[in-house]
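Novice: Let me begin by handing over the structure; questions about it come next.
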Amino acid sequence: MLFHPVAQSSPLPSAAVIIVNWNGKEYLRVCLDSLRRQTHPNFEIIVVDNGSTDGSVEMLREDYPEVRVLELGRNYGFVVASNRGAALSDADILVMLNNDTEAEPQWLEALCRALAKHPEAGSAASKMLLFDRRDTLHSAGDALGPDYMPRNRGVWEKDEGQYDEDVWVFGPCGGAAAYRRSMWEQLGGFDERLFMYLEDVDLAWRAQNAGWKCIFVPEARVYHHLSATGGGVIASYYVGRNTILLHRRYLTPRQWLRALPAHAKVAWDALRAWRGEAARARLRGIWHGIRGVEGKTHE
């Protein structure tokens with residue numbers, strides 16, 4: 001195993017937990033209540049609100065006075081909001097957490113201890129499990145398949161300890177990801193041209209190319225509502241587009257040859273399901289990726 005716990009007397013790096021919210025009041029309470037139970041002694045919580053109209057901001061100000069709230073006024077997307085939240089803090093570790101999650105009490109401490117132990121790691125990945133099926137994995141860190149398609153390690157598998165070793169992975173799933181500030185600043189954070197989806201994969205790719213590693217921390221457990229405040233047609237569009245954009249950025253011609261069958265299958269499956277709105281969005285995203293279209297373009 002790679003991870004050997006730091007002695008309990010060792011100081012933990014400071015942390016900022018950054019939560020992007022857009023009309024997620026229904027889930028935000030559970031998330032914030034779990035952060036109140038964290039064992040890490042030195043962290044702050046920043047909620048960046050993308051123009052919510054469901055009373056999220058009012059709830060935060062009334063019931064969670066310890067939370068720093070940044071109101072953006074309209075929906076700038078996950079990437080821009082995450083970067084704005086990171087810019088508010090001078091903490092050693094920047095932690096992105098989805099608003100529809102519940103973290104176990106040792107989650108943040110485990111991530112920070114892993115990064116303190118491994119200075120070569122620029123990021124740390126949580127073990128993410130399904131909120132309603134807590135024995136089922138959502139992510140044990142991000143991986144690239146032989147076809148260079150991004151994947152969640154262990155997705156949909158029953159958690160039986162097969163991912164309980166701390167190992168190097170490609171990158172963290174952005175739903176519960178810890179980033180060393182020095183790496184974040186060196187690489188410029190998330191790429192705002194992507195708007196949303198696969199921004200974590202892009203940052204992991206840049207980090208790997210710059211010589212940084214990512215450590216998977218099995219003790220850092222988080223439970224996640226799948227696509228509770230996202231997903232659907234918008235996700236289909238941006239995943240389709242951004243996968244192409246990332247491959248255009250990072251793959252060599254030889255690697256493209258290995259990736260093409262996977263891209264062809266995705267496009268063919270979407271064509272077969274043409275009557276579905278999500279399938280049409282996926283095809284539109286693929287076409288925009290081929291053309292190199294960036295930014296917020298789903299509307």
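Residues are referred to by chain and number: the chain letter is A, B, ... according to the order shown in the structure tokens, the number counts from 1 in that chain, and ligands are numbered separately from 1 in the order shown.
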What's around Ser52 of chain A at 8 Å? Count only C-alpha atoms, leave out sequence neighbours fewer than 2 positions away in its own chain, and write the answer as a PDB file with N, CA and C atoms, in the first residue's frame.
Specialist:
```pdb
ATOM      1  N   ASN A  21     -23.469  25.445  -5.941  1.00  0.00           N
ATOM      2  CA  ASN A  21     -24.900  25.179  -5.740  1.00  0.00           C
ATOM      3  C   ASN A  21     -25.730  25.902  -6.786  1.00  0.00           C
ATOM      4  N   TRP A  22     -26.702  25.172  -7.311  1.00  0.00           N
ATOM      5  CA  TRP A  22     -27.717  25.774  -8.179  1.00  0.00           C
ATOM      6  C   TRP A  22     -29.037  25.072  -7.876  1.00  0.00           C
ATOM      7  N   ASN A  23     -29.897  25.755  -7.129  1.00  0.00           N
ATOM      8  CA  ASN A  23     -31.206  25.218  -6.739  1.00  0.00           C
ATOM      9  C   ASN A  23     -31.086  23.840  -6.090  1.00  0.00           C
ATOM     10  N   GLY A  24     -30.092  23.698  -5.215  1.00  0.00           N
ATOM     11  CA  GLY A  24     -29.867  22.424  -4.545  1.00  0.00           C
ATOM     12  C   GLY A  24     -30.228  22.428  -3.078  1.00  0.00           C
ATOM     13  N   ASP A  49     -22.956  30.148  -5.137  1.00  0.00           N
ATOM     14  CA  ASP A  49     -24.320  29.957  -5.622  1.00  0.00           C
ATOM     15  C   ASP A  49     -24.491  30.543  -7.016  1.00  0.00           C
ATOM     16  N   ASN A  50     -24.965  29.695  -7.925  1.00  0.00           N
ATOM     17  CA  ASN A  50     -25.142  30.063  -9.335  1.00  0.00           C
ATOM     18  C   ASN A  50     -26.552  30.587  -9.613  1.00  0.00           C
ATOM     19  N   ASP A  54     -34.443  28.878  -5.310  1.00  0.00           N
ATOM     20  CA  ASP A  54     -35.196  27.982  -4.427  1.00  0.00           C
ATOM     21  C   ASP A  54     -35.011  28.301  -2.948  1.00  0.00           C
ATOM     22  N   GLY A  55     -34.445  29.457  -2.630  1.00  0.00           N
ATOM     23  CA  GLY A  55     -34.232  29.824  -1.236  1.00  0.00           C
ATOM     24  C   GLY A  55     -32.948  29.289  -0.639  1.00  0.00           C
ATOM     25  N   SER A  56     -32.049  28.782  -1.473  1.00  0.00           N
ATOM     26  CA  SER A  56     -30.790  28.227  -0.962  1.00  0.00           C
ATOM     27  C   SER A  56     -29.976  29.261  -0.187  1.00  0.00           C
ATOM     28  N   VAL A  57     -29.829  30.447  -0.747  1.00  0.00           N
ATOM     29  CA  VAL A  57     -28.987  31.456  -0.114  1.00  0.00           C
ATOM     30  C   VAL A  57     -29.586  31.912   1.209  1.00  0.00           C
ATOM     31  N   GLY A  73     -25.186  35.366  -8.910  1.00  0.00           N
ATOM     32  CA  GLY A  73     -26.308  36.056  -9.520  1.00  0.00           C
ATOM     33  C   GLY A  73     -26.963  35.337 -10.683  1.00  0.00           C
ATOM     34  N   ARG A  74     -26.206  34.529 -11.397  1.00  0.00           N
ATOM     35  CA  ARG A  74     -26.764  33.710 -12.474  1.00  0.00           C
ATOM     36  C   ARG A  74     -25.939  32.443 -12.607  1.00  0.00           C
ATOM     37  N   ASN A  75     -26.380  31.536 -13.447  1.00  0.00           N
ATOM     38  CA  ASN A  75     -25.727  30.235 -13.552  1.00  0.00           C
ATOM     39  C   ASN A  75     -24.526  30.308 -14.500  1.00  0.00           C
TER      40      ASN A  75
END
```
Novice: For the interface of segment 186-276 of chain A with segment 165-179 of chain A (cut-off 9 Å, counting only C-alpha atoms), please tabulate each contacting residue of segment 186-276 of chain A alongside its nearest pair of atoms and their separation in Å to one decimal, rows sorted by chain and increasing number, as CSV.
Specialist:
```
residue,atom,partner,partner_atom,distance
A:Tyr197,CA,A:Gly174,CA,8.9
A:Leu198,CA,A:Gly174,CA,8.4
A:Glu199,CA,A:Gly174,CA,7.8
A:Asp200,CA,A:Gly174,CA,5.2
A:Val201,CA,A:Gly171,CA,6.8
A:Leu203,CA,A:Gly171,CA,8.2
A:Ala204,CA,A:Gly171,CA,5.0
A:Trp205,CA,A:Phe170,CA,7.7
A:Ala207,CA,A:Gly171,CA,8.6
A:Gln208,CA,A:Phe170,CA,7.6
A:Lys213,CA,A:Trp168,CA,6.9
A:Cys214,CA,A:Gly171,CA,5.4
A:Ile215,CA,A:Trp168,CA,4.8
A:Phe216,CA,A:Asp166,CA,5.2
A:Val217,CA,A:Asp166,CA,5.3
A:Pro218,CA,A:Asp166,CA,6.2
A:Glu219,CA,A:Asp166,CA,8.8
A:Val222,CA,A:Ala176,CA,7.4
A:His224,CA,A:Gly175,CA,8.3
```
Novice: Taking the DSSP secondary structure from the backbone, can you list the residues of segment 28-258 of chain A that are strand (DSSP E or B), as a ChimeraX atom specification?
Specialist: /A:43-49,68-71,93-97,101-103,121-130,136-139,142-144,150-152,158,168-169,171,176-180,213-224
Novice: Go ahead and write the residues just picked, C-alpha atoms, as a PDB file, in the first residue's frame.
Specialist:
```
ATOM      1  CA  PHE A  43     -11.071  24.087   7.397  1.00  0.00           C
ATOM      2  CA  GLU A  44     -13.588  26.503   5.967  1.00  0.00           C
ATOM      3  CA  ILE A  45     -16.667  25.978   3.816  1.00  0.00           C
ATOM      4  CA  ILE A  46     -17.384  28.105   0.761  1.00  0.00           C
ATOM      5  CA  VAL A  47     -20.666  27.790  -1.114  1.00  0.00           C
ATOM      6  CA  VAL A  48     -20.730  29.412  -4.539  1.00  0.00           C
ATOM      7  CA  ASP A  49     -24.320  29.957  -5.622  1.00  0.00           C
ATOM      8  CA  ARG A  68     -18.929  31.729   3.367  1.00  0.00           C
ATOM      9  CA  VAL A  69     -21.403  32.391   0.556  1.00  0.00           C
ATOM     10  CA  LEU A  70     -20.478  33.806  -2.825  1.00  0.00           C
ATOM     11  CA  GLU A  71     -23.535  34.778  -4.878  1.00  0.00           C
ATOM     12  CA  ILE A  93      -5.820  22.182   0.129  1.00  0.00           C
ATOM     13  CA  LEU A  94      -8.767  23.065  -2.113  1.00  0.00           C
ATOM     14  CA  VAL A  95     -11.537  20.472  -1.963  1.00  0.00           C
ATOM     15  CA  MET A  96     -14.377  20.352  -4.475  1.00  0.00           C
ATOM     16  CA  LEU A  97     -17.527  18.708  -3.128  1.00  0.00           C
ATOM     17  CA  THR A 101     -23.264  14.425  -1.182  1.00  0.00           C
ATOM     18  CA  GLU A 102     -22.881  13.293   2.414  1.00  0.00           C
ATOM     19  CA  ALA A 103     -19.329  12.908   3.738  1.00  0.00           C
ATOM     20  CA  ALA A 121       0.650  13.987  -5.131  1.00  0.00           C
ATOM     21  CA  GLY A 122      -1.064  17.084  -6.431  1.00  0.00           C
ATOM     22  CA  SER A 123      -4.525  15.675  -5.808  1.00  0.00           C
ATOM     23  CA  ALA A 124      -6.389  13.049  -3.803  1.00  0.00           C
ATOM     24  CA  ALA A 125      -9.441  11.017  -4.799  1.00  0.00           C
ATOM     25  CA  SER A 126     -12.297  10.048  -2.489  1.00  0.00           C
ATOM     26  CA  LYS A 127     -14.146   6.745  -2.413  1.00  0.00           C
ATOM     27  CA  MET A 128     -17.598   7.726  -3.670  1.00  0.00           C
ATOM     28  CA  LEU A 129     -20.593   5.461  -3.077  1.00  0.00           C
ATOM     29  CA  LEU A 130     -24.246   5.778  -4.010  1.00  0.00           C
ATOM     30  CA  THR A 136     -22.359   0.290  -4.316  1.00  0.00           C
ATOM     31  CA  LEU A 137     -19.447   2.262  -5.730  1.00  0.00           C
ATOM     32  CA  HIS A 138     -19.716   5.335  -7.892  1.00  0.00           C
ATOM     33  CA  SER A 139     -16.007   6.109  -8.107  1.00  0.00           C
ATOM     34  CA  ASP A 142     -10.778   8.332 -12.308  1.00  0.00           C
ATOM     35  CA  ALA A 143      -9.025   6.150 -14.870  1.00  0.00           C
ATOM     36  CA  LEU A 144      -8.382   6.158 -18.600  1.00  0.00           C
ATOM     37  CA  PRO A 150     -12.375   8.469 -19.016  1.00  0.00           C
ATOM     38  CA  ARG A 151     -13.938   6.029 -16.557  1.00  0.00           C
ATOM     39  CA  ASN A 152     -14.812   5.840 -12.888  1.00  0.00           C
ATOM     40  CA  LYS A 158     -20.573  -3.726  -4.885  1.00  0.00           C
ATOM     41  CA  TRP A 168      -1.996   5.963  -7.630  1.00  0.00           C
ATOM     42  CA  VAL A 169      -4.868   6.737 -10.010  1.00  0.00           C
ATOM     43  CA  GLY A 171      -7.179  11.632 -11.150  1.00  0.00           C
ATOM     44  CA  ALA A 176     -15.238  14.943  -4.105  1.00  0.00           C
ATOM     45  CA  ALA A 177     -11.712  15.921  -5.077  1.00  0.00           C
ATOM     46  CA  ALA A 178      -8.842  17.436  -3.105  1.00  0.00           C
ATOM     47  CA  TYR A 179      -6.240  19.556  -4.894  1.00  0.00           C
ATOM     48  CA  ARG A 180      -2.955  20.848  -3.528  1.00  0.00           C
ATOM     49  CA  LYS A 213       0.399  12.221  -9.169  1.00  0.00           C
ATOM     50  CA  CYS A 214      -3.025  11.489  -7.686  1.00  0.00           C
ATOM     51  CA  ILE A 215      -3.515   9.306  -4.609  1.00  0.00           C
ATOM     52  CA  PHE A 216      -6.724   7.351  -4.041  1.00  0.00           C
ATOM     53  CA  VAL A 217      -7.752   7.494  -0.371  1.00  0.00           C
ATOM     54  CA  PRO A 218     -10.209   4.691   0.502  1.00  0.00           C
ATOM     55  CA  GLU A 219     -10.809   6.072   4.002  1.00  0.00           C
ATOM     56  CA  ALA A 220     -12.242   9.262   2.494  1.00  0.00           C
ATOM     57  CA  ARG A 221     -15.806   8.074   1.913  1.00  0.00           C
ATOM     58  CA  VAL A 222     -18.613  10.142   0.434  1.00  0.00           C
ATOM     59  CA  TYR A 223     -22.184   9.181  -0.520  1.00  0.00           C
ATOM     60  CA  HIS A 224     -23.547  10.739  -3.706  1.00  0.00           C
TER      61      HIS A 224
END
```
Novice: Between A:Arg254, A:Arg206, A:Arg241, A:Arg249, which residue has the minimum interatomic distance to Val266 of chain A, considering only C-alpha atoms?
Specialist: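 Once distances to Val266 of chain A are computed over only C-alpha atoms, the minimum belongs to A:Arg241.
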Novice: In Å to one decimal, how far is atom CA of Asp100 of chain A from atom CA of Tyr64 of chain A?
Specialist: 16.5 Å
Novice: Choose the residue, out of A:Val233, A:Val79, A:Ala281, A:Leu260, that has the smallest atom-to-atom separation from Leu194 of chain A; count only C-alpha atoms.
Specialist: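 The shortest atom-to-atom distance to Leu194 of chain A comes from A:Val79.
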Novice: At what distance in Å, to one decimal, does atom CA of Ala16 of chain A lie from atom CA of Lys117 of chain A?
Specialist: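 So the two atoms, atom CA of Lys117 of chain A and atom CA of Ala16 of chain A, lie 18.6 Å apart.
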Novice: I'd like the contact shell of Glu192 of chain A - 12 Å cut-off, only C-alpha atoms, skipping same-chain residues fewer than 4 positions apart - returned as a list in words.
Specialist: Tyr76, Gly77, Phe78, Val79, Val80, Ala81, Ser82, Asn83, Arg84, Gly188, Met196, Tyr197, Leu198, Glu199, Asp200, Asp202, Leu203, Asn242, Glu294, Gly295 and Lys296 of chain A
Novice: Any chance you could export the current selection's N, CA and C atoms as a PDB file, in the first residue's frame?
Specialist:
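Result went into out-v5.pdb, see below:
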```
ATOM      1  N   TYR A  76     -23.342  30.364 -13.901  1.00  0.00           N
ATOM      2  CA  TYR A  76     -22.108  30.377 -14.674  1.00  0.00           C
ATOM      3  C   TYR A  76     -21.570  28.973 -14.938  1.00  0.00           C
ATOM      4  N   GLY A  77     -22.221  27.952 -14.393  1.00  0.00           N
ATOM      5  CA  GLY A  77     -21.739  26.595 -14.566  1.00  0.00           C
ATOM      6  C   GLY A  77     -20.783  26.182 -13.466  1.00  0.00           C
ATOM      7  N   PHE A  78     -20.533  24.879 -13.405  1.00  0.00           N
ATOM      8  CA  PHE A  78     -19.719  24.319 -12.327  1.00  0.00           C
ATOM      9  C   PHE A  78     -18.278  24.808 -12.372  1.00  0.00           C
ATOM     10  N   VAL A  79     -17.708  24.900 -13.558  1.00  0.00           N
ATOM     11  CA  VAL A  79     -16.284  25.189 -13.671  1.00  0.00           C
ATOM     12  C   VAL A  79     -15.971  26.610 -13.207  1.00  0.00           C
ATOM     13  N   VAL A  80     -16.676  27.581 -13.747  1.00  0.00           N
ATOM     14  CA  VAL A  80     -16.449  28.969 -13.358  1.00  0.00           C
ATOM     15  C   VAL A  80     -16.688  29.153 -11.857  1.00  0.00           C
ATOM     16  N   ALA A  81     -17.785  28.591 -11.361  1.00  0.00           N
ATOM     17  CA  ALA A  81     -18.107  28.741  -9.947  1.00  0.00           C
ATOM     18  C   ALA A  81     -17.038  28.114  -9.062  1.00  0.00           C
ATOM     19  N   SER A  82     -16.521  26.962  -9.448  1.00  0.00           N
ATOM     20  CA  SER A  82     -15.457  26.316  -8.666  1.00  0.00           C
ATOM     21  C   SER A  82     -14.212  27.183  -8.624  1.00  0.00           C
ATOM     22  N   ASN A  83     -13.832  27.730  -9.755  1.00  0.00           N
ATOM     23  CA  ASN A  83     -12.659  28.599  -9.791  1.00  0.00           C
ATOM     24  C   ASN A  83     -12.859  29.846  -8.938  1.00  0.00           C
ATOM     25  N   ARG A  84     -14.064  30.400  -8.960  1.00  0.00           N
ATOM     26  CA  ARG A  84     -14.316  31.594  -8.156  1.00  0.00           C
ATOM     27  C   ARG A  84     -14.241  31.257  -6.659  1.00  0.00           C
ATOM     28  N   GLY A 188      -3.513  26.521 -13.152  1.00  0.00           N
ATOM     29  CA  GLY A 188      -4.579  27.473 -13.455  1.00  0.00           C
ATOM     30  C   GLY A 188      -5.981  26.990 -13.154  1.00  0.00           C
ATOM     31  N   MET A 196     -18.773  22.751 -18.083  1.00  0.00           N
ATOM     32  CA  MET A 196     -19.111  21.748 -17.084  1.00  0.00           C
ATOM     33  C   MET A 196     -18.889  20.356 -17.683  1.00  0.00           C
ATOM     34  N   TYR A 197     -18.620  19.404 -16.818  1.00  0.00           N
ATOM     35  CA  TYR A 197     -18.361  18.002 -17.156  1.00  0.00           C
ATOM     36  C   TYR A 197     -16.973  17.803 -17.789  1.00  0.00           C
ATOM     37  N   LEU A 198     -16.243  16.846 -17.221  1.00  0.00           N
ATOM     38  CA  LEU A 198     -14.901  16.423 -17.625  1.00  0.00           C
ATOM     39  C   LEU A 198     -13.832  17.468 -17.331  1.00  0.00           C
ATOM     40  N   GLU A 199     -14.198  18.528 -16.600  1.00  0.00           N
ATOM     41  CA  GLU A 199     -13.172  19.472 -16.182  1.00  0.00           C
ATOM     42  C   GLU A 199     -12.171  18.810 -15.235  1.00  0.00           C
ATOM     43  N   ASP A 200     -12.636  17.817 -14.454  1.00  0.00           N
ATOM     44  CA  ASP A 200     -11.736  17.100 -13.565  1.00  0.00           C
ATOM     45  C   ASP A 200     -10.767  16.223 -14.357  1.00  0.00           C
ATOM     46  N   ASP A 202      -9.760  16.815 -17.447  1.00  0.00           N
ATOM     47  CA  ASP A 202      -8.827  17.731 -18.086  1.00  0.00           C
ATOM     48  C   ASP A 202      -7.728  18.155 -17.120  1.00  0.00           C
ATOM     49  N   LEU A 203      -8.094  18.524 -15.893  1.00  0.00           N
ATOM     50  CA  LEU A 203      -7.091  18.944 -14.917  1.00  0.00           C
ATOM     51  C   LEU A 203      -6.172  17.783 -14.559  1.00  0.00           C
ATOM     52  N   ASN A 242     -17.076  17.506 -24.686  1.00  0.00           N
ATOM     53  CA  ASN A 242     -15.805  17.668 -23.996  1.00  0.00           C
ATOM     54  C   ASN A 242     -14.898  16.457 -24.133  1.00  0.00           C
ATOM     55  N   GLU A 294     -16.119  25.717 -27.983  1.00  0.00           N
ATOM     56  CA  GLU A 294     -15.891  25.708 -26.539  1.00  0.00           C
ATOM     57  C   GLU A 294     -16.869  26.658 -25.857  1.00  0.00           C
ATOM     58  N   GLY A 295     -16.864  26.656 -24.524  1.00  0.00           N
ATOM     59  CA  GLY A 295     -17.697  27.563 -23.745  1.00  0.00           C
ATOM     60  C   GLY A 295     -19.086  26.997 -23.505  1.00  0.00           C
ATOM     61  N   LYS A 296     -19.988  27.862 -23.047  1.00  0.00           N
ATOM     62  CA  LYS A 296     -21.378  27.476 -22.776  1.00  0.00           C
ATOM     63  C   LYS A 296     -22.143  27.480 -24.090  1.00  0.00           C
TER      64      LYS A 296
END
```
Novice: Find, counting only C-alpha atoms, the residue in A:Ala259, A:Ala273, A:Ile18, A:Leu108 that gets nearest to Gly85 of chain A.
Specialist: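 That would be A:Ile18, the residue with the smallest distance to Gly85 of chain A.
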Novice: Find, counting only C-alpha atoms, the residue in A:Ala86, A:Met59, A:Ala210, A:Val20 that gets nearest to Phe190 of chain A.
Specialist: A:Ala86
Novice: Which residue gives the smallest distance to Tyr148 of chain A among A:Ile286, A:Leu257, A:Leu35, A:Ile19, with only C-alpha atoms counted?
Specialist: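 Looking at the shortest contact to Tyr148 of chain A, the residue is A:Leu257.
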